[in-house]
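> Let me begin by handing over the structure; questions about it come next.
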Amino acid sequence: MPESFDQAYARLNDYIAMHPEVEIGESVISIPQEVRAGFYAKFNAARAAFVEEKFPLLLDRAGLLQENYRREEERLADLLSWEDPPMVSPVQRFLRSSRDSLERELFDLLFDLLKGRESIGSFEQKGSERIAALWPVVFRGGYEKWVVLALLRTLQPDKALRVNIRPLSPGERAKSAAYAPSAEIPAPEESGSFLFSQPRNAILAVPDLIIHSAVLQRFIGIRSEFSQGMYNAFSANPGREWFPVTTDLLVLLECGLTLVYLANRAEEIALISDVSKFCRPDMVLWCLDLQSIDPIEAYERMMIVDSRLQPLKGCFVIATESWPEEKVHPAWDEGNPRVRLVCAGYDTARLKTVLDALGEEGAPAATT
């Protein structure tokens, strides 16, 4: 039987009592080198026991996501790999080790418990609240990364390209659109290494990667975790449609949308956004954990996304599972051609609907 948190915490306290050289008080933490390994073995065991005891179902779901994500990574390993950004993102950490990701939320809190700042009851309440708040963010983000890899493989890429863009240098400050400096859009270059997450303070917003699809015989650019560019771009592609960057647009894009762009040449989709303008996407995906959102909310939000971004190929909600029949919004059943639901789970074959939509000529008609 797994050790309970109470048992693991008692063993941690026993270790501290047996080693008086360990000092943990209101204003001091002193753990000498000779006992540090033993202390942290007990400390980490207590955090692990808490997560295993309180969140076993989340750990099961996280394990399934990790397994499927790694499988897609391995299948694309000959073409691309993710590069660590300067700071590892919470989603990347979660995909590497979901247990470590959840247990990190308890690190400072467990020290506060040892210091007497928290009671067992308040520790358990706050710890549970922190993990519950983190979960929907990292699980949804991790599922989005699985969808991106699975869709890439479905597109049968025969070439991958990267747009190298720099972040603001130390000392630089973001300026309003009227006073922001200008920069050339870098030409896409063939590469096998890509940033897992683009820097949030990049001078221009560019695709995570661009691939050439052997199926569609076109270039596809994908951008997740959108953030606005900080410079103005020289020579933005006049063949694309550009929207002004406004506060409402930025708020909409921050909800976790995946932007998809198609072009005959990679250079045509090298820029997603600069400080003042945003490139109209060809398709928008919203990857969701259906246990964390209401169907009506999901449908209504995607209708707003479709109305505001007007993606040429429409919008897709890609879901981890099916909603219970009694919770499905009637509009999902009516077959709205602009906003469609794909309950893909981890079945790559179900993404063929998205692939077919990308290959269709023209745009789906709006409902009236």
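A note on labels: chains of the structure tokens are A, B, ... as shown, every chain counts residues from 1, and ligands are counted from 1 in their shown order.
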Might you pull out every residue within 12 Å of A:Glu129, with only C-alpha atoms counted and same-chain residues fewer than 4 positions away left off, and present them as a PyMOL selection string?
chain A and resi 51+54-55+102+105-106+109+122-125+133-135
> Leaving out A:Leu151 and any residue of its chain fewer than 2 positions from it, which residues lie within 9 Å of it when counting only C-alpha atoms, given as JSON, numbers by chain?
{"A": [146, 147, 148, 149, 153, 154, 155, 156, 348, 351, 352, 354, 355]}
> Take the residues from that selection and write them out as an mmCIF file, in the first residue's frame, keeping C-alpha atoms.

data_model
loop_
_atom_site.group_PDB
_atom_site.id
_atom_site.type_symbol
_atom_site.label_atom_id
_atom_site.label_comp_id
_atom_site.auth_asym_id
_atom_site.auth_seq_id
_atom_site.Cartn_x
_atom_site.Cartn_y
_atom_site.Cartn_z
ATOM 1 C CA TRP A 146 0.364 16.502 -28.712
ATOM 2 C CA VAL A 147 -2.182 17.741 -31.260
ATOM 3 C CA VAL A 148 0.464 19.856 -33.020
ATOM 4 C CA LEU A 149 2.850 16.895 -33.339
ATOM 5 C CA ARG A 153 2.780 13.774 -38.794
ATOM 6 C CA THR A 154 -0.599 13.538 -40.552
ATOM 7 C CA LEU A 155 0.562 16.261 -42.942
ATOM 8 C CA GLN A 156 3.585 14.075 -43.854
ATOM 9 C CA THR A 348 -4.286 10.609 -34.794
ATOM 10 C CA LEU A 351 -7.396 14.552 -37.139
ATOM 11 C CA LYS A 352 -8.014 13.665 -40.789
ATOM 12 C CA VAL A 354 -8.652 18.868 -39.975
ATOM 13 C CA LEU A 355 -6.353 17.724 -42.767
#
> Excluding A:Glu172 and residues on its chain fewer than 5 positions from it, collect all residues at most 12 Å away from it, counting only C-alpha atoms, and give them as a ChimeraX atom specification.
/A:167,180-181,201-203,230-231
> Generate a file of the selected residues that holds C-alpha atoms, formatted as a short mmCIF file (atom, residue, chain, number, x, y, z; two decimals), in the first residue's frame.

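Below is the file that was written, out.cif:
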data_model
loop_
_atom_site.label_atom_id
_atom_site.label_comp_id
_atom_site.auth_asym_id
_atom_site.auth_seq_id
_atom_site.Cartn_x
_atom_site.Cartn_y
_atom_site.Cartn_z
CA PRO A 167 14.11 38.48 -27.92
CA ALA A 180 8.67 50.88 -31.70
CA PRO A 181 11.82 50.20 -33.76
CA ASN A 201 9.39 39.30 -25.54
CA ALA A 202 10.49 38.52 -29.11
CA ILE A 203 10.90 41.47 -31.43
CA MET A 230 7.54 44.16 -29.95
CA TYR A 231 8.92 45.77 -33.16
#
> Which residues in stretch 146-326 of chain A does DSSP call strand (DSSP E or B)? List them as JSON, numbers by chain.
{"A": [157, 158, 159, 160, 161, 162, 167, 182, 183, 189, 190, 193, 194, 195, 202, 205, 209, 210, 211, 212, 213, 218, 219, 220, 221, 222, 223, 232, 233, 242, 243, 244, 257, 258, 259, 260, 261, 262, 263, 273, 277, 278, 279, 283, 284, 285, 286, 287, 288, 315, 316, 317, 318, 319]}
> For A:Ala10, which residue among A:Val215, A:Asn264, A:Gly25, A:Ala46 is the nearest when counting only C-alpha atoms?
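Distance minimum relative to A:Ala10 lands on A:Ala46.
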> Name all residues at most 12 Å from A:Ile210 (count only C-alpha atoms; drop same-chain ones fewer than 4 positions away) and give them as a count of residues only.
42
> Name the residues of stretch 183-329 of chain A that fall into alpha helix (DSSP H) according to DSSP on the backbone, using the chain letters and numbers of this document, as a list in words.
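Reading the DSSP output for stretch 183-329 of chain A, alpha helix (DSSP H) covers Thr247, Asp248, Leu249, Leu250, Val251, Leu252, Leu253, Pro295, Ile296, Glu297, Ala298, Tyr299, Glu300, Arg301, Met302, Met303, Ile304, Val305, Asp306, Ser307, Arg308 and Leu309 of chain A.
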> Those residues you just picked out, can you put them in a file as a PDB file, in the first residue's frame with N, CA and C atoms?

ATOM      1  N   THR A 247      -6.433  45.536 -27.857  1.00  0.00           N
ATOM      2  CA  THR A 247      -6.499  44.841 -26.567  1.00  0.00           C
ATOM      3  C   THR A 247      -7.427  43.643 -26.634  1.00  0.00           C
ATOM      4  N   ASP A 248      -8.583  43.793 -27.265  1.00  0.00           N
ATOM      5  CA  ASP A 248      -9.526  42.673 -27.323  1.00  0.00           C
ATOM      6  C   ASP A 248      -8.961  41.516 -28.130  1.00  0.00           C
ATOM      7  N   LEU A 249      -8.177  41.818 -29.177  1.00  0.00           N
ATOM      8  CA  LEU A 249      -7.544  40.754 -29.961  1.00  0.00           C
ATOM      9  C   LEU A 249      -6.525  40.000 -29.111  1.00  0.00           C
ATOM     10  N   LEU A 250      -5.705  40.725 -28.365  1.00  0.00           N
ATOM     11  CA  LEU A 250      -4.686  40.087 -27.536  1.00  0.00           C
ATOM     12  C   LEU A 250      -5.325  39.218 -26.456  1.00  0.00           C
ATOM     13  N   VAL A 251      -6.396  39.692 -25.850  1.00  0.00           N
ATOM     14  CA  VAL A 251      -7.100  38.901 -24.829  1.00  0.00           C
ATOM     15  C   VAL A 251      -7.628  37.608 -25.439  1.00  0.00           C
ATOM     16  N   LEU A 252      -8.198  37.706 -26.631  1.00  0.00           N
ATOM     17  CA  LEU A 252      -8.749  36.525 -27.306  1.00  0.00           C
ATOM     18  C   LEU A 252      -7.652  35.508 -27.614  1.00  0.00           C
ATOM     19  N   LEU A 253      -6.506  35.983 -28.081  1.00  0.00           N
ATOM     20  CA  LEU A 253      -5.416  35.089 -28.462  1.00  0.00           C
ATOM     21  C   LEU A 253      -4.727  34.449 -27.267  1.00  0.00           C
ATOM     22  N   PRO A 295     -19.493  22.869 -22.190  1.00  0.00           N
ATOM     23  CA  PRO A 295     -19.686  22.850 -23.644  1.00  0.00           C
ATOM     24  C   PRO A 295     -20.257  24.142 -24.204  1.00  0.00           C
ATOM     25  N   ILE A 296     -21.174  24.753 -23.478  1.00  0.00           N
ATOM     26  CA  ILE A 296     -21.778  25.999 -23.957  1.00  0.00           C
ATOM     27  C   ILE A 296     -20.725  27.097 -24.017  1.00  0.00           C
ATOM     28  N   GLU A 297     -19.900  27.181 -22.966  1.00  0.00           N
ATOM     29  CA  GLU A 297     -18.825  28.174 -22.947  1.00  0.00           C
ATOM     30  C   GLU A 297     -17.859  27.948 -24.104  1.00  0.00           C
ATOM     31  N   ALA A 298     -17.501  26.689 -24.348  1.00  0.00           N
ATOM     32  CA  ALA A 298     -16.565  26.379 -25.429  1.00  0.00           C
ATOM     33  C   ALA A 298     -17.135  26.794 -26.779  1.00  0.00           C
ATOM     34  N   TYR A 299     -18.389  26.478 -27.017  1.00  0.00           N
ATOM     35  CA  TYR A 299     -19.000  26.820 -28.300  1.00  0.00           C
ATOM     36  C   TYR A 299     -19.087  28.335 -28.480  1.00  0.00           C
ATOM     37  N   GLU A 300     -19.554  29.016 -27.452  1.00  0.00           N
ATOM     38  CA  GLU A 300     -19.746  30.465 -27.569  1.00  0.00           C
ATOM     39  C   GLU A 300     -18.406  31.184 -27.746  1.00  0.00           C
ATOM     40  N   ARG A 301     -17.377  30.712 -27.058  1.00  0.00           N
ATOM     41  CA  ARG A 301     -16.075  31.357 -27.209  1.00  0.00           C
ATOM     42  C   ARG A 301     -15.524  31.142 -28.611  1.00  0.00           C
ATOM     43  N   MET A 302     -15.706  29.944 -29.168  1.00  0.00           N
ATOM     44  CA  MET A 302     -15.195  29.700 -30.510  1.00  0.00           C
ATOM     45  C   MET A 302     -15.978  30.468 -31.567  1.00  0.00           C
ATOM     46  N   MET A 303     -17.245  30.742 -31.304  1.00  0.00           N
ATOM     47  CA  MET A 303     -17.995  31.587 -32.220  1.00  0.00           C
ATOM     48  C   MET A 303     -17.430  33.008 -32.223  1.00  0.00           C
ATOM     49  N   ILE A 304     -16.999  33.470 -31.051  1.00  0.00           N
ATOM     50  CA  ILE A 304     -16.364  34.791 -30.965  1.00  0.00           C
ATOM     51  C   ILE A 304     -15.030  34.774 -31.709  1.00  0.00           C
ATOM     52  N   VAL A 305     -14.247  33.704 -31.499  1.00  0.00           N
ATOM     53  CA  VAL A 305     -12.965  33.568 -32.193  1.00  0.00           C
ATOM     54  C   VAL A 305     -13.174  33.592 -33.704  1.00  0.00           C
ATOM     55  N   ASP A 306     -14.159  32.839 -34.176  1.00  0.00           N
ATOM     56  CA  ASP A 306     -14.406  32.767 -35.608  1.00  0.00           C
ATOM     57  C   ASP A 306     -14.827  34.125 -36.165  1.00  0.00           C
ATOM     58  N   SER A 307     -15.662  34.828 -35.418  1.00  0.00           N
ATOM     59  CA  SER A 307     -16.135  36.132 -35.862  1.00  0.00           C
ATOM     60  C   SER A 307     -15.011  37.160 -35.887  1.00  0.00           C
ATOM     61  N   ARG A 308     -14.124  37.092 -34.885  1.00  0.00           N
ATOM     62  CA  ARG A 308     -13.069  38.103 -34.758  1.00  0.00           C
ATOM     63  C   ARG A 308     -11.881  37.813 -35.668  1.00  0.00           C
ATOM     64  N   LEU A 309     -11.430  36.555 -35.747  1.00  0.00           N
ATOM     65  CA  LEU A 309     -10.232  36.215 -36.521  1.00  0.00           C
ATOM     66  C   LEU A 309     -10.552  35.812 -37.956  1.00  0.00           C
TER      67      LEU A 309
END
> Please list as a tab-separated table (two decimals) with C-alpha atoms, in the first residue's frame every residue within 10 Å of A:Phe111, counting only C-alpha atoms and excluding residues in the same chain fewer than 3 positions away.

chain	number	residue	atom	x	y	z
A	24	ILE	CA	14.15	25.23	10.03
A	25	GLY	CA	12.57	28.23	11.68
A	26	GLU	CA	10.68	31.41	10.93
A	29	ILE	CA	16.70	27.29	6.88
A	43	PHE	CA	10.97	16.02	2.01
A	106	LEU	CA	4.14	22.12	-2.65
A	107	PHE	CA	7.81	23.05	-2.23
A	108	ASP	CA	7.54	26.40	-0.46
A	114	LEU	CA	7.76	22.84	8.86
A	115	LYS	CA	8.21	26.42	10.05
A	116	GLY	CA	4.81	26.42	11.73
A	117	ARG	CA	3.35	29.02	9.38
A	118	GLU	CA	0.80	26.47	8.18
> Point out the residue among A:Leu195, A:Ala357, A:Leu209, A:Ala236 with the least atom-to-atom distance to A:Met87, counting only C-alpha atoms.
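Going through A:Leu195, A:Ala357, A:Leu209, A:Ala236 one by one, the smallest distance to A:Met87 is for A:Leu195.
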> Pick from A:Arg350, A:Arg47, A:Arg166, A:Lys313: nearest to A:Glu3, with only C-alpha atoms counted?
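Closest residue, counting only C-alpha atoms: A:Arg47.
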> Which residue is closest to A:Pro20? Choose from A:Leu76, A:Gly229, A:Val35, A:Leu257 and count only C-alpha atoms.
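Checking each of A:Leu76, A:Gly229, A:Val35, A:Leu257 against A:Pro20, counting only C-alpha atoms, the winner is A:Val35.
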> Measuring atom to atom with only C-alpha atoms, identify which of A:Asn44, A:Asn232, A:Ser197, A:Ser27 is nearest to A:Tyr9.
A:Asn44
> Mind pulling up the distance from atom CA of A:Gly256 to atom CA of A:Val339?
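Those two atoms sit 16.2 Å apart.
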> Find the residues around stretch 37-42 of chain A up to 10 Å (only C-alpha atoms counted), leave out those fewer than 3 positions away in its own chain, and share them as a list in words.
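After dropping sequence-adjacent residues, the list is Ala8, Tyr9, Ala10, Arg11, Leu12, Asn13, Asp14, Tyr15, Ile16, His19, Val22, Ile31, Pro32, Gln33, Glu34, Ala45, Ala46, Arg47 and Ala48 of chain A.
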> Please measure the separation of atom CA of A:Pro56 and atom CA of A:Glu144, giving the value in Å to one decimal.
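Calculated distance between atom CA of A:Pro56 and atom CA of A:Glu144 is 22.4 Å.
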> Do you have the atom CA of A:Ala205-atom CA of A:Ser273 distance handy?
4.9 Å
> Excluding same-chain residues fewer than 5 positions from A:Ser276, what lies within 8 Å of it counting only C-alpha atoms, as a PyMOL selection string?
chain A and resi 177+232+244-245
